[in-house]
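Just run_19.txt here, compact mmCIF, C-alpha atoms and all ligand atoms:
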# COMPACT_ATOMS: atom_id res chain seq x y z
CA MET B 2 -2.97 10.77 -4.78
CA LYS B 3 -1.51 11.62 -1.39
CA ILE B 4 -2.47 9.82 1.83
CA THR B 5 -2.39 12.14 4.81
CA GLY B 6 -2.77 9.73 7.73
CA ASP B 7 -2.35 6.06 8.60
CA TYR B 8 -5.25 4.80 10.73
CA HIS B 9 -4.22 1.16 11.11
CA THR B 10 -0.84 0.34 12.66
CA HIS B 11 0.23 -2.33 15.17
CA THR B 12 2.80 -2.19 17.99
CA ILE B 13 4.33 -4.52 20.58
CA TYR B 14 1.05 -4.30 22.53
CA SER B 15 -0.26 -6.92 20.06
CA HIS B 16 2.07 -8.54 17.52
CA GLY B 17 3.79 -5.55 15.97
CA THR B 18 7.55 -5.18 16.38
CA GLY B 19 7.78 -1.48 17.24
CA THR B 20 6.67 0.68 20.14
CA ILE B 21 4.02 3.40 19.85
CA ARG B 22 6.85 5.95 19.75
CA ASP B 23 8.58 4.05 16.91
CA ASN B 24 5.40 4.15 14.78
CA VAL B 25 4.85 7.83 15.53
CA GLU B 26 8.43 8.77 14.61
CA GLU B 27 8.19 6.80 11.36
CA ALA B 28 4.89 8.54 10.52
CA ILE B 29 6.52 11.95 11.06
CA GLU B 30 9.46 10.88 8.93
CA LYS B 31 7.04 9.93 6.13
CA GLY B 32 5.30 13.30 6.38
CA LEU B 33 1.95 12.06 7.72
CA ARG B 34 -0.28 14.47 9.62
CA GLU B 35 -2.10 11.79 11.63
CA ILE B 36 -1.52 8.25 12.87
CA ALA B 37 -3.67 5.79 14.78
CA ILE B 38 -2.29 3.00 16.94
CA CYS B 39 -4.76 0.14 16.51
CA ASP B 40 -3.61 -3.11 18.08
CA HIS B 41 -5.71 -6.27 18.05
CA GLY B 42 -8.67 -6.47 20.43
CA PRO B 43 -8.38 -8.51 23.65
CA GLY B 44 -10.56 -11.33 22.23
CA HIS B 45 -7.73 -12.45 19.99
CA ARG B 46 -6.08 -15.26 21.96
CA LEU B 47 -2.74 -15.10 20.18
CA TYR B 48 -2.15 -11.42 19.51
CA GLY B 49 -4.82 -9.50 21.41
CA ILE B 50 -3.90 -6.68 23.79
CA ASP B 51 -4.19 -7.22 27.49
CA LYS B 52 -7.28 -5.29 28.66
CA LYS B 53 -5.16 -3.77 31.45
CA ASP B 54 -2.86 -2.19 28.86
CA ILE B 55 -5.55 0.12 27.46
CA VAL B 56 -4.96 2.64 30.30
CA LYS B 57 -1.20 2.47 29.78
CA MET B 58 -1.56 2.94 26.01
CA ARG B 59 -3.93 5.88 26.55
CA GLU B 60 -1.36 7.61 28.81
CA GLU B 61 1.43 6.93 26.35
CA VAL B 62 -0.54 8.36 23.41
CA ASP B 63 -1.51 11.46 25.44
CA ARG B 64 2.13 11.99 26.42
CA LEU B 65 3.37 11.62 22.85
CA ASN B 66 0.71 14.03 21.58
CA LYS B 67 2.18 16.67 23.89
CA GLU B 68 5.71 15.85 22.80
CA TYR B 69 5.14 15.77 19.02
CA LYS B 70 3.18 18.84 17.96
CA GLU B 71 3.63 18.07 14.24
CA ILE B 72 1.32 15.03 14.25
CA ASN B 73 -2.03 13.97 15.73
CA ILE B 74 -1.82 10.59 17.40
CA PHE B 75 -4.98 8.59 18.01
CA LEU B 76 -5.49 5.55 20.20
CA GLY B 77 -7.61 2.92 18.53
CA ILE B 78 -8.20 -0.82 18.68
CA GLU B 79 -8.78 -3.29 15.87
CA ALA B 80 -11.62 -5.12 17.58
CA ASN B 81 -12.84 -8.61 16.64
CA VAL B 82 -16.28 -9.86 15.66
CA MET B 83 -16.71 -12.47 18.40
CA ASP B 84 -20.10 -14.04 17.68
CA TYR B 85 -22.60 -14.41 14.88
CA ASP B 86 -24.90 -11.98 16.70
CA GLY B 87 -22.28 -9.26 16.09
CA THR B 88 -20.83 -8.99 19.60
CA ILE B 89 -17.31 -7.49 19.67
CA ASP B 90 -14.52 -7.86 22.23
CA LEU B 91 -14.73 -4.42 23.84
CA ASP B 92 -17.19 -3.09 26.39
CA ARG B 93 -18.59 0.45 26.50
CA ASN B 94 -15.98 1.70 29.00
CA GLU B 95 -13.15 0.49 26.83
CA ILE B 96 -14.71 2.04 23.73
CA ASP B 97 -14.98 5.35 25.62
CA MET B 98 -11.24 5.29 26.31
CA ILE B 99 -10.19 5.16 22.67
CA ASP B 100 -10.41 7.68 19.80
CA ILE B 101 -11.06 5.36 16.88
CA LEU B 102 -12.67 1.94 16.63
CA LEU B 103 -11.68 -0.51 13.91
CA LEU B 104 -13.42 -3.84 13.47
CA GLY B 105 -12.60 -6.95 11.48
CA PHE B 106 -12.93 -10.71 11.27
CA HIS B 107 -9.87 -12.60 12.55
CA TYR B 108 -9.00 -16.17 13.33
CA GLY B 109 -7.60 -16.65 16.81
CA ILE B 110 -10.74 -15.62 18.65
CA VAL B 111 -12.80 -17.98 20.78
CA PRO B 112 -16.55 -17.40 20.36
CA LYS B 113 -18.68 -17.79 23.49
CA LYS B 114 -21.11 -20.20 21.85
CA LEU B 115 -19.99 -23.60 20.64
CA LYS B 116 -22.22 -23.28 17.58
CA ASP B 117 -20.44 -20.07 16.57
CA MET B 118 -17.10 -21.75 17.15
CA PHE B 119 -18.10 -24.53 14.76
CA MET B 120 -19.33 -22.07 12.14
CA PHE B 121 -16.25 -19.89 12.37
CA TYR B 122 -13.54 -22.54 12.44
CA PHE B 123 -15.12 -25.33 10.42
CA LEU B 124 -17.86 -24.03 8.14
CA ASN B 125 -16.09 -20.81 7.16
CA PRO B 126 -12.91 -22.46 5.88
CA ALA B 127 -15.00 -25.34 4.44
CA SER B 128 -17.18 -22.85 2.57
CA LYS B 129 -14.15 -21.87 0.50
CA VAL B 130 -14.09 -25.35 -1.06
CA LEU B 131 -17.70 -26.50 -0.68
CA PRO B 132 -19.93 -24.40 -2.97
CA PHE B 133 -23.19 -25.20 -1.13
CA LEU B 134 -21.81 -23.61 2.03
CA LYS B 135 -20.47 -20.53 0.32
CA GLU B 136 -23.63 -18.45 0.14
CA ARG B 137 -24.86 -19.60 3.55
CA MET B 138 -21.65 -18.56 5.32
CA LYS B 139 -21.43 -15.33 3.38
CA ALA B 140 -24.95 -14.44 4.58
CA LEU B 141 -24.11 -15.30 8.20
CA ASN B 142 -20.82 -13.35 8.17
CA THR B 143 -22.55 -10.39 6.55
CA ASN B 144 -25.30 -10.43 9.13
CA ALA B 145 -22.78 -10.55 12.00
CA MET B 146 -20.89 -7.55 10.57
CA ILE B 147 -24.08 -5.56 9.97
CA GLN B 148 -25.28 -6.24 13.53
CA ALA B 149 -21.90 -5.19 14.91
CA ILE B 150 -21.71 -1.86 13.05
CA SER B 151 -25.32 -1.13 13.99
CA LYS B 152 -24.59 -1.76 17.70
CA TYR B 153 -21.14 -0.20 18.10
CA PRO B 154 -19.61 3.11 16.90
CA VAL B 155 -17.27 1.48 14.39
CA ASP B 156 -15.20 3.95 12.37
CA ILE B 157 -13.56 1.53 9.93
CA ILE B 158 -14.18 -2.07 8.88
CA THR B 159 -10.71 -3.53 8.32
CA HIS B 160 -9.89 -5.61 5.21
CA PRO B 161 -13.59 -6.37 4.48
CA GLY B 162 -13.86 -9.78 2.81
CA SER B 163 -10.47 -11.07 4.00
CA LYS B 164 -10.69 -13.96 6.53
CA ALA B 165 -14.48 -14.24 6.18
CA ARG B 166 -16.46 -13.75 2.98
CA LEU B 167 -18.89 -10.80 3.01
CA ASP B 168 -21.66 -9.42 0.82
CA ILE B 169 -19.83 -6.15 0.15
CA LYS B 170 -22.87 -4.44 -1.38
CA LYS B 171 -24.96 -4.98 1.78
CA VAL B 172 -22.12 -4.16 4.17
CA ALA B 173 -21.34 -0.94 2.25
CA GLU B 174 -24.97 0.22 2.39
CA VAL B 175 -25.32 -0.38 6.13
CA ALA B 176 -21.83 1.05 6.77
CA TYR B 177 -22.81 4.28 5.01
CA LYS B 178 -25.95 4.62 7.18
CA ASN B 179 -23.87 4.12 10.33
CA ASN B 180 -21.05 6.44 9.32
CA THR B 181 -18.60 3.52 9.11
CA ALA B 182 -15.92 3.53 6.41
CA LEU B 183 -14.46 0.55 4.54
CA GLU B 184 -10.75 -0.06 4.44
CA ILE B 185 -8.54 -0.60 1.43
CA ASN B 186 -5.81 -2.48 3.26
CA SER B 187 -2.29 -2.35 1.84
CA HIS B 188 -1.17 -5.47 3.75
CA HIS B 189 -4.14 -7.70 2.84
CA SER B 190 -5.78 -8.11 -0.57
CA GLN B 191 -9.15 -6.59 0.46
CA LEU B 192 -10.88 -4.48 -0.48
CA SER B 193 -10.02 -5.85 -3.92
CA VAL B 194 -10.51 -3.75 -7.06
CA GLU B 195 -13.72 -5.65 -7.78
CA ASN B 196 -15.06 -5.12 -4.25
CA ILE B 197 -14.15 -1.41 -4.28
CA LYS B 198 -16.24 -1.06 -7.44
CA ILE B 199 -19.19 -2.81 -5.75
CA ALA B 200 -18.86 -0.60 -2.64
CA LEU B 201 -18.68 2.54 -4.80
CA ARG B 202 -22.30 1.98 -5.87
CA SER B 203 -23.32 2.94 -2.32
CA LYS B 204 -22.29 6.26 -0.75
CA VAL B 205 -19.83 4.67 1.69
CA GLN B 206 -16.45 6.32 2.41
CA PHE B 207 -13.05 4.59 2.31
CA TYR B 208 -9.67 4.71 4.04
CA ILE B 209 -6.38 3.47 2.62
CA ASN B 210 -4.26 2.11 5.49
CA SER B 211 -0.95 0.28 5.83
CA ASP B 212 -1.86 -2.26 8.58
CA ALA B 213 1.84 -1.98 9.43
CA HIS B 214 3.21 -4.60 11.81
CA LYS B 215 6.66 -3.02 11.91
CA PRO B 216 7.58 0.67 12.05
CA SER B 217 9.23 0.73 8.60
CA ARG B 218 5.85 -0.22 7.05
CA VAL B 219 3.97 2.71 8.62
CA GLY B 220 2.75 4.96 5.81
CA ASN B 221 3.27 2.22 3.23
CA PHE B 222 0.12 2.65 1.13
CA GLU B 223 1.40 1.57 -2.28
CA LYS B 224 -0.76 -1.52 -2.85
CA GLY B 225 -3.89 0.19 -1.53
CA ILE B 226 -3.35 3.24 -3.76
CA GLN B 227 -2.84 0.97 -6.77
CA ARG B 228 -6.16 -0.80 -6.22
CA ALA B 229 -7.95 2.49 -5.55
CA LEU B 230 -6.65 3.95 -8.81
CA GLN B 231 -7.58 0.81 -10.73
CA ALA B 232 -11.12 0.99 -9.34
CA LYS B 233 -11.25 4.70 -10.26
CA ILE B 234 -12.46 5.96 -6.86
CA PRO B 235 -13.20 9.68 -6.81
CA ILE B 236 -10.68 11.15 -4.38
CA HIS B 237 -13.36 12.73 -2.15
CA ARG B 238 -14.60 9.24 -1.28
CA ILE B 239 -11.29 8.42 0.47
CA LYS B 240 -11.26 10.06 3.88
CA ASN B 241 -7.46 10.18 4.23
CA ALA B 242 -6.55 11.15 0.67
CA GLU B 243 -5.90 14.41 -1.13
CA GLU B 244 -4.74 15.38 -4.64
ZN ZN V 1 -6.77 -7.32 10.76
ZN ZN V 2 -4.39 -5.09 11.59

In structure tokens, what does this structure look like?
Amino acid sequence: MKITGDYHTHTIYSHGTGTIRDNVEEAIEKGLREIAICDHGPGHRLYGIDKKDIVKMREEVDRLNKEYKEINIFLGIEANVMDYDGTIDLDRNEIDMIDILLLGFHYGIVPKKLKDMFMFYFLNPASKVLPFLKERMKALNTNAMIQAISKYPVDIITHPGSKARLDIKKVAEVAYKNNTALEINSHHSQLSVENIKIALRSKVQFYINSDAHKPSRVGNFEKGIQRALQAKIPIHRIKNAEE
């Protein structure tokens, strides 16, 4: 299995260590045809991009696209689910400025509503040890994700099931209807082999990405490929793979 593009890489605009140019040069070195720069959304208090930087990043990506003819460079953002109603941390104008929209659950965000803050920071971690909370939180997280992908043009859900538990079967079905793919993340453990198998029962598509936080990790798909092979995904279901 060959992966042709890496659609999830971070740079110094969030908490990656390399510049956009560094990631692009590494991707060319590794023989990729496409790369997306997808730093954390502005709602992430620790690592999020500064909203003002989106214009600067757009210009930089456009410039590099002219300079490097051998690769397509996309500007994306890994946005955050901000509330249990599925609000994300980008507005329509910002979404219009980027080429690809990734979305995931992350700690480090501050929900607008206190109730959501309590659910996210107390009940979610507690649900990992308290069985009676497990199903309740899973249902709430799943609902938030489904609302978000129904409201926004999300291309890829990043590491689904990491950080916040999700009903993968439901998410996969709604994702398929909304033309949203699920990510097999090589940096995090999700999608796991088991969850890939569950998602495969729907018609949803997948991406295998590196989630590189330093340039040398760009195009590093090993763990994702391993899990994909173990789950026996037909290659046509992976949008960035070929024989
Ligand atoms: Zn992430
Ligand atoms: Zn990431």

Can you work out which residues are within 7 Å of ligand ZN 1 (chain V), considering only C-alpha atoms and all ligand atoms, and then hand them over as number ranges by chain? B: 79, 105, 107, 159-160

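Distance-wise, atom CA of Arg137 of chain B and atom CA of Leu102 of chain B end up 28.0 Å apart.
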
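The gap separating atom ZN of ligand ZN 2 (chain V) from atom CA of Lys139 of chain B is 21.5 Å, in Å to one decimal.
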
How would you write, as a JSON list (two decimals) with C-alpha atoms, in the coordinates of the input, the set of residues no farther than 10 Å from ligand ZN 2 (chain V) when counting only C-alpha atoms and all ligand atoms?
[["chain", "number", "residue", "atom", "x", "y", "z"],
["B", 8, "TYR", "CA", -5.25, 4.80, 10.73],
["B", 9, "HIS", "CA", -4.22, 1.16, 11.11],
["B", 10, "THR", "CA", -0.84, 0.34, 12.66],
["B", 11, "HIS", "CA", 0.23, -2.33, 15.17],
["B", 15, "SER", "CA", -0.26, -6.92, 20.06],
["B", 16, "HIS", "CA", 2.07, -8.54, 17.52],
["B", 17, "GLY", "CA", 3.79, -5.55, 15.97],
["B", 38, "ILE", "CA", -2.29, 3.00, 16.94],
["B", 39, "CYS", "CA", -4.76, 0.14, 16.51],
["B", 40, "ASP", "CA", -3.61, -3.11, 18.08],
["B", 41, "HIS", "CA", -5.71, -6.27, 18.05],
["B", 42, "GLY", "CA", -8.67, -6.47, 20.43],
["B", 78, "ILE", "CA", -8.20, -0.82, 18.68],
["B", 79, "GLU", "CA", -8.78, -3.29, 15.87],
["B", 80, "ALA", "CA", -11.62, -5.12, 17.58],
["B", 103, "LEU", "CA", -11.68, -0.51, 13.91],
["B", 104, "LEU", "CA", -13.42, -3.84, 13.47],
["B", 105, "GLY", "CA", -12.60, -6.95, 11.48],
["B", 107, "HIS", "CA", -9.87, -12.60, 12.55],
["B", 159, "THR", "CA", -10.71, -3.53, 8.32],
["B", 160, "HIS", "CA", -9.89, -5.61, 5.21],
["B", 186, "ASN", "CA", -5.81, -2.48, 3.26],
["B", 188, "HIS", "CA", -1.17, -5.47, 3.75],
["B", 189, "HIS", "CA", -4.14, -7.70, 2.84],
["B", 210, "ASN", "CA", -4.26, 2.11, 5.49],
["B", 211, "SER", "CA", -0.95, 0.28, 5.83],
["B", 212, "ASP", "CA", -1.86, -2.26, 8.58],
["B", 213, "ALA", "CA", 1.84, -1.98, 9.43],
["B", 214, "HIS", "CA", 3.21, -4.60, 11.81]]

Would you work out the distance separating atom CA of Ile236 of chain B from atom CA of Phe75 of chain B, expressed in Å to one decimal?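 Taking atom CA of Ile236 of chain B as the start and atom CA of Phe75 of chain B as the end point, the length is 23.2 Å.
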
Under the rule that all atoms listed in the file are counted, which of B:Met98, B:Ile239, B:Ala28, B:Ala165 is the nearest residue to Phe121 of chain B?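 Using all atoms listed in the file, Phe121 of chain B sits closest to B:Ala165.
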
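Nearest residue to Thr181 of chain B among B:Ala140, B:Met146, B:Ile157, B:Ile110 is B:Ile157, counting only C-alpha atoms.
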
Which polymer residues, whether protein, DNA or RNA, lie within 10 Å of the coordinate (-22.9, -5.8, 12.4) when you count only C-alpha atoms? List them as an MDAnalysis selection string, using the chain letters and numbers from the file. chainID B and resid 82 85:89 104 142:153 155 172 175:176

Shortest interatomic distance to Lys164 of chain B - which of B:Ser190, B:Thr20, B:Asn241, B:Thr12, counting all atoms listed in the file: B:Ser190

Which neighbours of Ile72 of chain B fall inside 10 Å, counting only C-alpha atoms, when residues of the same chain fewer than 5 positions from it are skipped, and could you give them as a list in words? Gly6, Val25, Glu26, Ala28, Ile29, Gly32, Leu33, Arg34, Glu35, Ile36, Leu65, Asn66 and Lys67 of chain B

Closest of B:Met2, B:Leu141, B:Leu134, B:Leu124 to Leu230 of chain B - atom-to-atom distances counting all atoms listed in the file: B:Met2
